[in-house]
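Participant: My structure file target20.txt, compact mmCIF, C-alpha atoms, is below:
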```
# COMPACT_ATOMS: atom_id res chain seq x y z
CA MET A 183 -6.82 -14.66 -35.26
CA PRO A 184 -8.79 -17.86 -34.55
CA ALA A 185 -8.80 -19.08 -30.98
CA THR A 186 -6.85 -22.21 -31.85
CA GLN A 187 -3.86 -20.13 -32.82
CA THR A 188 -3.89 -18.26 -29.52
CA ASN A 189 -3.25 -21.47 -27.62
CA LYS A 190 0.48 -21.15 -27.92
CA LEU A 191 1.95 -17.72 -28.46
CA LYS A 192 5.47 -16.41 -28.83
CA ILE A 193 5.80 -13.78 -26.13
CA ALA A 194 8.66 -11.39 -25.43
CA VAL A 195 8.64 -10.01 -21.90
CA ILE A 196 10.74 -6.87 -21.95
CA GLY A 197 12.10 -6.44 -18.45
CA LYS A 198 13.09 -9.06 -15.94
CA GLY A 199 12.04 -7.39 -12.71
CA ARG A 200 9.58 -9.02 -10.34
CA MET A 201 6.60 -8.12 -12.57
CA GLY A 202 8.26 -9.30 -15.78
CA SER A 203 9.36 -12.54 -14.13
CA ALA A 204 5.88 -13.21 -12.70
CA LEU A 205 4.31 -12.75 -16.14
CA ALA A 206 6.94 -14.78 -17.98
CA GLU A 207 6.87 -17.70 -15.53
CA GLY A 208 3.06 -17.72 -15.55
CA TRP A 209 2.83 -17.83 -19.34
CA LEU A 210 5.54 -20.46 -19.57
CA ARG A 211 3.48 -22.65 -17.21
CA ALA A 212 0.45 -22.02 -19.43
CA GLY A 213 2.36 -23.46 -22.39
CA HIS A 214 3.44 -20.32 -24.23
CA GLN A 215 6.85 -19.80 -25.75
CA VAL A 216 8.45 -17.03 -23.72
CA VAL A 217 11.68 -15.07 -24.01
CA TYR A 218 12.95 -12.17 -21.94
CA GLY A 219 14.12 -9.05 -23.65
CA VAL A 220 16.76 -7.29 -21.59
CA GLN A 221 19.48 -4.76 -22.11
CA ASN A 222 22.97 -6.20 -22.08
CA ALA A 223 21.67 -9.77 -22.41
CA GLN A 224 25.20 -11.14 -22.40
CA ALA A 225 26.14 -9.58 -19.09
CA LYS A 226 23.19 -11.16 -17.30
CA VAL A 227 24.03 -14.72 -18.29
CA GLY A 228 25.49 -16.43 -15.25
CA GLY A 229 23.34 -14.49 -12.79
CA PRO A 230 21.25 -16.26 -10.15
CA PRO A 231 19.57 -19.36 -11.59
CA SER A 232 15.92 -18.94 -12.59
CA PRO A 233 13.31 -21.44 -11.36
CA SER A 234 12.77 -22.29 -15.01
CA VAL A 235 14.80 -21.71 -18.12
CA ILE A 236 13.51 -18.77 -20.10
CA PRO A 237 15.95 -17.52 -22.73
CA MET A 238 17.29 -14.01 -22.32
CA LEU A 239 17.79 -12.03 -25.50
CA GLY A 240 18.40 -8.40 -26.28
CA SER A 241 15.17 -6.36 -26.37
CA VAL A 242 15.25 -5.94 -30.15
CA GLU A 243 15.94 -9.60 -30.89
CA ALA A 244 13.33 -10.76 -28.36
CA SER A 245 10.72 -8.48 -29.99
CA ALA A 246 11.69 -9.62 -33.48
CA VAL A 247 11.10 -13.31 -32.74
CA SER A 248 7.80 -12.79 -30.89
CA GLU A 249 4.13 -12.14 -31.71
CA VAL A 250 3.30 -10.40 -28.46
CA ILE A 251 5.64 -7.91 -26.82
CA VAL A 252 5.06 -7.18 -23.15
CA LEU A 253 6.48 -3.99 -21.72
CA ALA A 254 7.33 -4.67 -18.06
CA ILE A 255 9.91 -2.02 -17.34
CA PRO A 256 9.99 1.07 -15.09
CA GLY A 257 7.98 4.00 -16.44
CA LYS A 258 11.08 6.12 -16.88
CA ALA A 259 12.70 3.56 -19.22
CA VAL A 260 9.73 3.35 -21.59
CA GLU A 261 10.73 5.92 -24.21
CA GLN A 262 14.25 4.62 -24.67
CA VAL A 263 13.18 0.98 -24.93
CA LEU A 264 10.38 1.82 -27.38
CA ASP A 265 12.80 3.68 -29.61
CA GLU A 266 15.09 0.65 -29.61
CA ILE A 267 12.46 -1.96 -30.41
CA GLN A 268 10.23 0.18 -32.64
CA LYS A 269 11.03 -1.59 -35.92
CA ALA A 270 10.64 -5.04 -34.36
CA VAL A 271 7.10 -4.38 -33.06
CA VAL A 272 5.45 -3.15 -36.27
CA GLY A 273 2.01 -4.77 -36.65
CA LYS A 274 2.40 -6.70 -33.41
CA ILE A 275 0.54 -6.69 -30.12
CA MET A 276 2.25 -4.63 -27.46
CA VAL A 277 1.01 -5.10 -23.90
CA ASP A 278 1.84 -2.06 -21.79
CA CYS A 279 2.19 -3.01 -18.11
CA THR A 280 4.01 0.18 -17.13
CA ASN A 281 2.93 3.00 -14.89
CA PRO A 282 3.92 6.64 -15.33
CA GLY A 283 3.89 8.97 -12.34
CA LEU A 284 0.51 10.62 -11.95
CA PRO A 285 -1.34 10.04 -15.22
CA VAL A 286 -3.11 12.91 -16.99
CA VAL A 287 -6.40 12.54 -18.86
CA GLY A 288 -5.63 12.16 -22.57
CA GLN A 289 -1.92 11.72 -21.82
CA SER A 290 -1.91 8.45 -19.96
CA GLY A 291 1.13 6.22 -20.12
CA GLY A 292 -0.76 3.82 -22.37
CA GLU A 293 -1.62 6.52 -24.88
CA LYS A 294 1.97 7.81 -24.82
CA VAL A 295 3.22 4.30 -25.58
CA ALA A 296 0.80 4.12 -28.52
CA ARG A 297 2.04 7.44 -29.87
CA ARG A 298 5.68 6.38 -29.48
CA ALA A 299 5.06 3.03 -31.22
CA PRO A 300 2.25 3.98 -33.63
CA GLU A 301 2.53 0.79 -35.68
CA ALA A 302 2.03 -1.54 -32.74
CA LYS A 303 -1.37 -2.58 -31.38
CA VAL A 304 -1.09 -1.30 -27.84
CA ILE A 305 -3.16 -2.84 -25.06
CA LYS A 306 -2.89 -1.61 -21.48
CA ALA A 307 -2.92 -4.52 -19.03
CA PHE A 308 -1.21 -6.08 -16.01
CA ASN A 309 -0.46 -2.65 -14.54
CA ILE A 310 -3.20 -2.36 -11.91
CA THR A 311 -1.95 -4.77 -9.28
CA GLY A 312 1.19 -6.01 -7.55
CA SER A 313 3.51 -8.69 -8.87
CA GLN A 314 2.45 -10.97 -5.98
CA ASN A 315 -1.04 -11.00 -7.44
CA VAL A 316 0.32 -11.77 -10.90
CA GLU A 317 2.19 -14.74 -9.44
CA SER A 318 -0.97 -15.89 -7.68
CA PRO A 319 -4.22 -14.16 -8.72
CA ARG A 320 -6.52 -16.63 -7.00
CA TYR A 321 -7.69 -15.61 -3.54
CA PRO A 322 -9.63 -17.91 -1.22
CA GLU A 323 -12.86 -16.18 -2.24
CA GLY A 324 -12.15 -15.91 -5.97
CA PRO A 325 -9.92 -14.52 -8.72
CA ALA A 326 -8.52 -10.99 -8.80
CA VAL A 327 -9.84 -8.87 -11.64
CA MET A 328 -7.51 -7.79 -14.45
CA PHE A 329 -8.75 -4.82 -16.45
CA TYR A 330 -7.36 -4.22 -19.91
CA ALA A 331 -7.93 -1.38 -22.36
CA GLY A 332 -7.14 -0.95 -26.04
CA ASP A 333 -8.47 0.00 -29.45
CA ASP A 334 -7.83 -3.21 -31.41
CA GLU A 335 -10.50 -5.84 -30.78
CA GLY A 336 -8.51 -8.80 -32.08
CA SER A 337 -5.53 -7.92 -29.89
CA LYS A 338 -7.79 -7.50 -26.88
CA LYS A 339 -9.12 -11.03 -27.36
CA ILE A 340 -5.58 -12.36 -27.16
CA VAL A 341 -4.75 -10.26 -24.09
CA HIS A 342 -7.99 -11.46 -22.50
CA GLN A 343 -6.77 -15.03 -23.01
CA LEU A 344 -3.31 -14.19 -21.63
CA ALA A 345 -4.87 -12.72 -18.47
CA THR A 346 -7.13 -15.76 -18.13
CA ASP A 347 -4.12 -18.06 -18.58
CA LEU A 348 -2.54 -16.50 -15.49
CA GLY A 349 -5.71 -17.08 -13.46
CA PHE A 350 -7.19 -13.58 -13.53
CA ASP A 351 -10.80 -12.64 -14.13
CA ALA A 352 -10.12 -10.69 -17.35
CA VAL A 353 -12.39 -7.67 -17.91
CA ASP A 354 -12.45 -5.39 -20.95
CA ALA A 355 -12.40 -1.80 -19.67
CA GLY A 356 -12.88 -0.25 -23.11
CA PRO A 357 -10.71 1.85 -25.43
CA LEU A 358 -7.08 2.77 -24.80
CA ALA A 359 -8.23 6.11 -23.37
CA GLN A 360 -9.28 4.06 -20.32
CA ALA A 361 -5.58 3.53 -19.63
CA TYR A 362 -5.89 6.68 -17.50
CA ALA A 363 -8.34 4.93 -15.17
CA LEU A 364 -6.18 1.80 -15.06
CA GLU A 365 -3.10 3.82 -14.17
CA VAL A 366 -4.97 5.62 -11.38
CA MET A 367 -6.12 2.20 -10.15
CA ALA A 368 -2.47 1.12 -10.03
CA LEU A 369 -1.56 4.09 -7.84
CA PHE A 370 -4.60 3.31 -5.70
CA TRP A 371 -3.45 -0.27 -5.16
CA VAL A 372 -0.02 1.00 -4.09
CA ASN A 373 -1.70 3.51 -1.77
CA LEU A 374 -3.79 0.82 -0.08
CA ALA A 375 -0.94 -1.70 0.14
CA TYR A 376 1.74 0.65 1.41
CA GLY A 377 0.23 4.09 2.25
CA GLN A 378 -2.63 2.47 4.16
CA LYS A 379 -0.38 -0.42 5.25
CA MET A 380 -2.77 -3.16 4.14
CA GLY A 381 0.16 -5.05 2.62
CA SER A 382 0.54 -6.55 -0.84
CA GLY A 383 -1.97 -9.34 -0.14
CA ILE A 384 -4.89 -7.29 -1.45
CA ALA A 385 -6.64 -7.41 -4.79
CA LEU A 386 -9.73 -6.02 -6.40
CA ARG A 387 -12.52 -8.31 -7.48
CA LEU A 388 -15.41 -7.44 -9.79
CA MET A 389 -18.60 -9.06 -8.51
CA HIS A 390 -21.70 -9.65 -10.63
CA ARG A 391 -25.35 -10.30 -9.95
CA ASP A 392 -28.64 -10.23 -11.76
CA LEU A 393 -30.33 -7.04 -10.59
CA LYS A 394 -33.80 -8.51 -11.20
CA GLU A 395 -33.05 -11.09 -8.53
CA ALA A 396 -31.28 -8.67 -6.18
CA MET B 35 -27.31 10.03 15.03
CA HIS B 36 -29.06 12.83 13.16
CA ILE B 37 -28.13 12.73 9.50
CA ALA B 38 -29.06 15.37 6.93
CA VAL B 39 -29.23 13.90 3.45
CA ILE B 40 -29.09 16.75 0.96
CA GLY B 41 -30.61 15.47 -2.24
CA THR B 42 -33.56 13.15 -2.74
CA GLY B 43 -32.39 11.31 -5.85
CA ASN B 44 -31.53 7.61 -6.09
CA VAL B 45 -28.38 7.87 -3.98
CA GLY B 46 -29.89 10.12 -1.30
CA THR B 47 -32.95 7.95 -0.81
CA ALA B 48 -30.98 4.67 -0.88
CA LEU B 49 -28.67 5.97 1.87
CA GLY B 50 -31.48 7.58 3.87
CA ASN B 51 -33.65 4.48 3.82
CA ALA B 52 -30.77 2.26 4.88
CA TRP B 53 -29.83 4.51 7.79
CA VAL B 54 -33.42 4.75 8.97
CA ARG B 55 -33.47 0.96 9.15
CA ALA B 56 -30.22 1.13 11.16
CA GLY B 57 -31.96 3.38 13.67
CA HIS B 58 -30.70 6.82 12.68
CA GLY B 59 -32.85 9.93 12.29
CA ILE B 60 -32.89 11.27 8.75
CA ILE B 61 -33.64 14.83 7.74
CA TYR B 62 -33.79 15.17 3.99
CA GLY B 63 -32.68 18.52 2.68
CA SER B 64 -34.71 19.32 -0.40
CA ARG B 65 -35.52 22.50 -2.25
CA GLU B 66 -38.99 21.14 -2.85
CA SER B 67 -39.43 19.93 0.70
CA GLU B 68 -43.08 19.00 0.37
CA SER B 69 -42.86 17.37 -3.04
CA ALA B 70 -44.40 14.07 -3.99
CA ALA B 71 -40.94 12.55 -4.06
CA THR B 72 -41.07 12.31 -0.29
CA ASN B 73 -43.53 9.44 -0.65
CA THR B 74 -40.67 7.15 -1.70
CA PHE B 75 -38.95 7.47 1.68
CA VAL B 76 -39.17 4.67 4.16
CA SER B 77 -41.97 5.57 6.51
CA ALA B 78 -40.55 5.70 10.01
CA GLY B 79 -42.65 8.23 11.82
CA ASP B 80 -40.70 11.06 13.36
CA ARG B 81 -37.35 9.56 12.42
CA VAL B 82 -37.75 10.93 8.89
CA SER B 83 -38.48 14.54 8.01
CA VAL B 84 -38.00 16.84 5.04
CA ARG B 85 -36.81 20.43 5.33
CA SER B 86 -34.86 22.97 3.38
CA PRO B 87 -31.15 22.11 2.93
CA LYS B 88 -30.25 24.90 5.37
CA GLN B 89 -32.64 23.73 8.10
CA ALA B 90 -31.70 20.08 7.60
CA THR B 91 -28.00 20.91 7.95
CA ALA B 92 -28.59 22.98 11.09
CA ALA B 93 -30.46 20.11 12.75
CA ALA B 94 -27.95 17.33 11.93
CA ASP B 95 -24.60 16.00 13.17
CA VAL B 96 -23.60 14.58 9.78
CA ILE B 97 -24.44 16.12 6.41
CA VAL B 98 -24.51 13.94 3.31
CA LEU B 99 -24.08 15.68 -0.03
CA ALA B 100 -25.99 13.63 -2.61
CA VAL B 101 -26.82 16.16 -5.31
CA PRO B 102 -25.75 16.37 -8.97
CA TRP B 103 -22.31 17.94 -9.44
CA THR B 104 -23.84 20.96 -11.16
CA ALA B 105 -25.76 21.78 -7.95
CA VAL B 106 -22.83 21.35 -5.54
CA GLU B 107 -21.57 24.91 -5.47
CA SER B 108 -24.94 26.56 -4.85
CA VAL B 109 -25.96 24.01 -2.21
CA LEU B 110 -22.68 24.47 -0.34
CA GLN B 111 -23.09 28.26 -0.43
CA ASP B 112 -26.59 27.80 0.97
CA ILE B 113 -25.46 25.64 3.93
CA SER B 114 -22.00 27.14 4.48
CA ASN B 115 -22.77 28.57 7.95
CA GLU B 116 -24.72 25.58 9.26
CA VAL B 117 -22.14 23.00 8.13
CA GLN B 118 -19.27 24.53 10.08
CA GLY B 119 -17.48 22.09 12.37
CA LYS B 120 -19.66 19.21 11.16
CA ILE B 121 -18.93 16.10 9.13
CA LEU B 122 -19.79 16.50 5.45
CA ILE B 123 -19.87 13.29 3.42
CA ASP B 124 -19.31 14.03 -0.26
CA CYS B 125 -21.03 11.44 -2.46
CA THR B 126 -20.70 13.46 -5.67
CA ASN B 127 -18.58 13.03 -8.78
CA PRO B 128 -17.26 15.98 -10.79
CA VAL B 129 -18.66 15.18 -14.20
CA LYS B 130 -19.46 17.21 -17.25
CA GLN B 131 -21.25 14.26 -18.75
CA TRP B 132 -21.42 11.00 -16.82
CA PRO B 133 -19.13 9.10 -16.62
CA MET B 134 -16.63 11.61 -18.05
CA LEU B 135 -14.83 13.16 -15.09
CA ASP B 136 -13.65 16.75 -15.07
CA HIS B 137 -10.55 16.89 -12.89
CA SER B 138 -9.28 20.17 -14.35
CA GLU B 139 -9.85 21.79 -10.93
CA GLY B 140 -8.57 18.78 -8.99
CA SER B 141 -10.69 16.07 -7.40
CA GLY B 142 -14.30 16.86 -6.53
CA GLY B 143 -13.67 15.95 -2.88
CA GLU B 144 -10.91 18.52 -2.57
CA GLN B 145 -12.99 21.13 -4.41
CA VAL B 146 -15.82 20.55 -1.92
CA ALA B 147 -13.37 20.96 0.98
CA ARG B 148 -12.18 24.26 -0.48
CA MET B 149 -15.78 25.51 -0.76
CA VAL B 150 -16.59 24.68 2.89
CA PRO B 151 -13.22 24.84 4.68
CA ALA B 152 -14.79 24.73 8.14
CA ALA B 153 -16.47 21.36 7.51
CA LYS B 154 -14.80 17.96 8.00
CA VAL B 155 -15.12 16.54 4.50
CA VAL B 156 -15.04 12.78 3.94
CA LYS B 157 -15.44 11.32 0.46
CA ALA B 158 -17.66 8.22 0.38
CA PHE B 159 -20.65 6.63 -1.34
CA ASN B 160 -19.54 7.98 -4.73
CA ASN B 161 -17.83 4.88 -6.07
CA THR B 162 -20.68 2.50 -6.78
CA GLY B 163 -24.25 2.42 -8.08
CA HIS B 164 -27.29 3.23 -5.96
CA GLU B 165 -28.59 -0.36 -6.31
CA ASN B 166 -25.47 -1.44 -4.44
CA MET B 167 -26.37 0.99 -1.66
CA VAL B 168 -29.81 -0.59 -1.37
CA LYS B 169 -28.21 -4.03 -1.18
CA PRO B 170 -24.40 -4.17 -0.86
CA GLU B 171 -24.38 -7.94 -0.36
CA TYR B 172 -23.52 -10.03 -3.45
CA PRO B 173 -23.47 -13.83 -3.72
CA ASP B 174 -19.65 -13.51 -3.68
CA GLY B 175 -19.45 -11.16 -0.68
CA GLN B 176 -19.95 -7.60 0.47
CA THR B 177 -19.33 -4.65 -1.81
CA SER B 178 -16.38 -2.57 -0.61
CA MET B 179 -16.98 1.09 0.12
CA PHE B 180 -13.82 3.16 -0.10
CA PHE B 181 -13.68 6.39 1.88
CA ALA B 182 -11.12 9.17 2.11
CA GLY B 183 -10.64 12.17 4.38
CA ASP B 184 -8.20 14.11 6.51
CA ASP B 185 -10.03 14.05 9.87
CA ALA B 186 -9.50 10.76 11.70
CA SER B 187 -12.44 11.10 14.09
CA ALA B 188 -14.81 12.05 11.26
CA LYS B 189 -13.62 9.00 9.32
CA LYS B 190 -14.35 6.76 12.30
CA ILE B 191 -17.98 7.93 12.24
CA VAL B 192 -18.22 7.52 8.47
CA ARG B 193 -16.82 4.00 8.77
CA GLY B 194 -19.65 3.19 11.17
CA LEU B 195 -22.23 4.66 8.79
CA ILE B 196 -20.76 2.58 5.94
CA MET B 197 -21.05 -0.57 8.03
CA ASP B 198 -24.62 0.30 9.03
CA ILE B 199 -25.58 0.01 5.37
CA GLY B 200 -23.86 -3.36 5.00
CA PHE B 201 -20.76 -2.35 3.06
CA ASP B 202 -17.25 -3.57 3.70
CA PRO B 203 -15.49 -0.29 4.68
CA VAL B 204 -11.99 0.44 3.28
CA ASP B 205 -10.07 3.50 4.48
CA ALA B 206 -8.37 4.81 1.34
CA GLY B 207 -6.39 7.50 3.14
CA PRO B 208 -6.38 11.30 2.94
CA LEU B 209 -8.92 13.39 1.07
CA ALA B 210 -6.50 13.68 -1.87
CA GLN B 211 -7.41 10.04 -2.61
CA SER B 212 -10.81 11.37 -3.72
CA LEU B 213 -9.31 11.48 -7.19
CA ALA B 214 -8.91 7.70 -7.20
CA LEU B 215 -12.38 7.19 -5.73
CA GLU B 216 -13.87 9.37 -8.46
CA VAL B 217 -11.93 7.52 -11.16
CA MET B 218 -13.26 4.31 -9.68
CA ALA B 219 -16.80 5.71 -10.00
CA SER B 220 -16.12 6.57 -13.62
CA LEU B 221 -14.70 3.09 -14.25
CA TRP B 222 -17.81 1.55 -12.67
CA GLY B 223 -20.00 3.66 -14.96
CA ASN B 224 -17.97 2.71 -18.01
CA LEU B 225 -18.20 -0.98 -17.22
CA ALA B 226 -21.93 -0.76 -16.51
CA TYR B 227 -22.83 1.23 -19.64
CA ALA B 228 -20.14 1.48 -22.35
CA GLN B 229 -18.98 -2.10 -21.69
CA LYS B 230 -22.61 -3.18 -21.28
CA MET B 231 -22.06 -5.18 -18.10
CA GLY B 232 -25.14 -3.61 -16.52
CA ARG B 233 -25.53 -2.04 -13.08
CA GLY B 234 -25.35 -5.35 -11.21
CA ILE B 235 -21.60 -5.06 -10.71
CA ALA B 236 -19.54 -4.07 -7.68
CA PHE B 237 -15.94 -3.80 -6.56
CA ARG B 238 -14.74 -5.81 -3.62
CA LEU B 239 -11.29 -5.60 -2.05
CA MET B 240 -10.07 -9.11 -1.26
CA ARG B 241 -7.46 -9.67 1.46
CA ARG B 242 -5.10 -12.51 2.23
CA GLY B 243 -1.93 -12.80 4.27
CA ASN B 244 1.18 -11.50 2.56
```
Would you mind writing the structure in this file as structure tokens?
Facilitator:
Amino acid sequence: MPATQTNKLKIAVIGKGRMGSALAEGWLRAGHQVVYGVQNAQAKVGGPPSPSVIPMLGSVEASAVSEVIVLAIPGKAVEQVLDEIQKAVVGKIMVDCTNPGLPVVGQSGGEKVARRAPEAKVIKAFNITGSQNVESPRYPEGPAVMFYAGDDEGSKKIVHQLATDLGFDAVDAGPLAQAYALEVMALFWVNLAYGQKMGSGIALRLMHRDLKEA
Amino acid sequence: MHIAVIGTGNVGTALGNAWVRAGHGIIYGSRESESAATNTFVSAGDRVSVRSPKQATAAADVIVLAVPWTAVESVLQDISNEVQGKILIDCTNPVKQWPMLDHSEGSGGEQVARMVPAAKVVKAFNNTGHENMVKPEYPDGQTSMFFAGDDASAKKIVRGLIMDIGFDPVDAGPLAQSLALEVMASLWGNLAYAQKMGRGIAFRLMRRGN
């Protein structure tokens, strides 16, 4: 897809938790057309007012009207939601932001998502850091890094742009098999923030230099 | 402090040279203790010496394991008596073929601790390239060095040794976090090679108020 067409995308964010909301609000600000996909869409109308108006649809309908489907739900809900939306995601980009428990090499959450939705182009992204960093990826010293991993180059270009739109330093971590590393990194962030009590105001940065000048 | 650096490869010499400059005494543990490789060490008179791994370990307060993963088991068997009660810094990564980790037996750090149960094992200096150990300072800031271990007093000493080199130290928690530190090493290797970013890359943990 040429870059000009990536400027404004139709994005379905499945899940309206803090992570889903941070992503949806960020992309709305960047000019994309965003809808939430939620279960029982009707029941949630009339809830607390959102800071901006993003339509809430059922997960299947939201996926059907969108080009990019973003999975921002708890790890344990993944299988059920994928089974529901499977037909509506055929041939589309699916961004997997979820985290399983402890990932296993070759059976990472990202690879499981790809097996469960084999006709979607699955890219692992937005799973390695807290929602506070998705809301505000820029630190005083620079942008937080956002690693993504996937097997479809064209889809990765679009996800790269979506990460950049939010303010991240987007970095291609390689094929979808690297989802294992990204999911371990997510657990590591949680460990530092809460286990090590550093708080959620921490983020990884990837620094660069020319070794010949080092 | 007397530090035994077991292994005279890129990582061992980068760490040894940096600690010599910080004023520590370095005893390299090498199976070819008189080899030509010793010429690459920073010359610092009697603050640098080369002995067998066993002798180096016996003479040191802190032992730094900087050998290839395939050599870990035999080296640890060799120094198992001398390392008792001492701090052992594990800089290795359990790889079949770099940067493909083999975690089928658990993290490398925990495997090392099982092989020398009487040592205080701290995982560190495994999660970045040796060039970053020579010079941890980037234009954008200091490289972070994550470390993990179960002995709080040993970790305090390792934190000091990390700072002596110029890294930003980050306590990553118990030794079980070695798994994450090893995955981070693998990710670094993937970015540097498979993703062709080159070895001039480093992770830094940024902080801000919540």
Participant: Starting from the point (5.7, -17.3, -18.9), work out which residues of protein, DNA or RNA have an atom no more than 12 Å away when counting only C-alpha atoms; state them as an MDAnalysis selection string.
Facilitator: chainID A and resid 190:196 198 201:218 233:237 252 316:317 344:345 347:348
Participant: Within 8 Å of chain B, which residues of chain A come that close, and what is the closest atom pair and distance in Å for each? Count all atoms listed in the file and give it as a tab-separated table.
Facilitator:
```
residue	atom	partner	partner_atom	distance
A:Tyr321	CA	B:Arg242	CA	7.0
A:Pro322	CA	B:Arg242	CA	7.8
A:Glu323	CA	B:Asp174	CA	7.4
A:Ala326	CA	B:Met240	CA	7.9
A:Asp354	CA	B:Gln229	CA	7.3
A:Ala355	CA	B:Leu225	CA	6.3
A:Gly356	CA	B:Gln229	CA	6.5
A:Ala363	CA	B:Val217	CA	6.0
A:Val366	CA	B:Ala214	CA	6.1
A:Met367	CA	B:Ala214	CA	6.8
A:Phe370	CA	B:Ala214	CA	6.3
A:Asn373	CA	B:Ala206	CA	7.5
A:Leu374	CA	B:Ala206	CA	6.2
A:Gly377	CA	B:Gly207	CA	7.5
A:Gln378	CA	B:Gly207	CA	6.4
A:Gly381	CA	B:Asn244	CA	6.5
A:Ser382	CA	B:Asn244	CA	6.0
A:Gly383	CA	B:Asn244	CA	4.7
A:Ile384	CA	B:Arg241	CA	4.6
A:Ala385	CA	B:Met240	CA	5.2
A:Leu386	CA	B:Leu239	CA	4.6
A:Arg387	CA	B:Arg238	CA	5.1
A:Leu388	CA	B:Phe237	CA	4.9
A:Met389	CA	B:Ala236	CA	5.1
A:His390	CA	B:Ile235	CA	4.6
A:Arg391	CA	B:Gly234	CA	5.1
A:Asp392	CA	B:Gly234	CA	5.9
A:Leu393	CA	B:Gly234	CA	5.3
A:Ala396	CA	B:Lys169	CA	7.5
```
Participant: Set the distance at 10 Å and use all atoms listed in the file: which residues neighbour Cys125 of chain B once local chain neighbours fewer than 2 positions away are removed? I'd like the list as a PyMOL selection string.
Facilitator: chain B and resi 45-46+98-103+122-123+127+142-143+156-162+181+216
Participant: So that I have them on file, write out the residues from the current selection with C-alpha atoms, as an mmCIF file, keeping the file's coordinate frame.
Facilitator:
```cif
data_model
loop_
_atom_site.group_PDB
_atom_site.id
_atom_site.type_symbol
_atom_site.label_atom_id
_atom_site.label_comp_id
_atom_site.auth_asym_id
_atom_site.auth_seq_id
_atom_site.Cartn_x
_atom_site.Cartn_y
_atom_site.Cartn_z
ATOM 1 C CA VAL B 45 -28.380 7.870 -3.980
ATOM 2 C CA GLY B 46 -29.890 10.120 -1.300
ATOM 3 C CA VAL B 98 -24.510 13.940 3.310
ATOM 4 C CA LEU B 99 -24.080 15.680 -0.030
ATOM 5 C CA ALA B 100 -25.990 13.630 -2.610
ATOM 6 C CA VAL B 101 -26.820 16.160 -5.310
ATOM 7 C CA PRO B 102 -25.750 16.370 -8.970
ATOM 8 C CA TRP B 103 -22.310 17.940 -9.440
ATOM 9 C CA LEU B 122 -19.790 16.500 5.450
ATOM 10 C CA ILE B 123 -19.870 13.290 3.420
ATOM 11 C CA ASN B 127 -18.580 13.030 -8.780
ATOM 12 C CA GLY B 142 -14.300 16.860 -6.530
ATOM 13 C CA GLY B 143 -13.670 15.950 -2.880
ATOM 14 C CA VAL B 156 -15.040 12.780 3.940
ATOM 15 C CA LYS B 157 -15.440 11.320 0.460
ATOM 16 C CA ALA B 158 -17.660 8.220 0.380
ATOM 17 C CA PHE B 159 -20.650 6.630 -1.340
ATOM 18 C CA ASN B 160 -19.540 7.980 -4.730
ATOM 19 C CA ASN B 161 -17.830 4.880 -6.070
ATOM 20 C CA THR B 162 -20.680 2.500 -6.780
ATOM 21 C CA PHE B 181 -13.680 6.390 1.880
ATOM 22 C CA GLU B 216 -13.870 9.370 -8.460
#
```
Participant: Please, what distance in Å, to one decimal, runs between atom CA of Asp80 of chain B and atom CA of Val106 of chain B?
Facilitator: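 Answer for the atom CA of Asp80 of chain B to atom CA of Val106 of chain B separation: 28.0 Å.
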Participant: Quick one, how far is atom CA of Val96 of chain B from atom CA of Lys379 of chain A?
Facilitator: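 These atoms are spaced 28.0 Å apart.
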Participant: Name the residues within 12 Å of (12.1, -8.9, -31.2), counting all atoms listed in the file in the file's coordinates, and put them as JSON, numbers by chain.
Facilitator: {"A": [192, 193, 194, 195, 196, 216, 217, 218, 219, 220, 238, 239, 240, 241, 242, 243, 244, 245, 246, 247, 248, 249, 250, 251, 252, 263, 264, 266, 267, 268, 269, 270, 271, 272, 274, 275, 276]}
Participant: My list of candidates is B:Gln145, B:Gln89, B:Thr126, B:Asn44. Which is closest to Ser64 of chain B when distances are computed with all atoms listed in the file?
Facilitator: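 For Ser64 of chain B, the nearest of the candidates is B:Gln89.
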Participant: Reconstruct N, CA, C and O atoms of segment 211-215 of chain B; output as a short mmCIF file (atom, residue, chain, number, x, y, z; two decimals), in the coordinates of the input.
Facilitator:
```cif
data_model
loop_
_atom_site.label_atom_id
_atom_site.label_comp_id
_atom_site.auth_asym_id
_atom_site.auth_seq_id
_atom_site.Cartn_x
_atom_site.Cartn_y
_atom_site.Cartn_z
N GLN B 211 -7.07 11.30 -1.93
CA GLN B 211 -7.41 10.04 -2.61
C GLN B 211 -8.81 10.09 -3.23
O GLN B 211 -9.23 9.14 -3.90
N SER B 212 -9.52 11.19 -3.03
CA SER B 212 -10.81 11.37 -3.72
C SER B 212 -10.66 11.19 -5.22
O SER B 212 -11.57 10.69 -5.88
N LEU B 213 -9.53 11.61 -5.74
CA LEU B 213 -9.31 11.48 -7.19
C LEU B 213 -9.46 10.02 -7.62
O LEU B 213 -10.16 9.71 -8.58
N ALA B 214 -8.82 9.13 -6.86
CA ALA B 214 -8.91 7.70 -7.20
C ALA B 214 -10.34 7.19 -7.02
O ALA B 214 -10.83 6.41 -7.83
N LEU B 215 -11.01 7.65 -5.97
CA LEU B 215 -12.38 7.19 -5.73
C LEU B 215 -13.32 7.67 -6.84
O LEU B 215 -14.28 6.97 -7.20
#
```
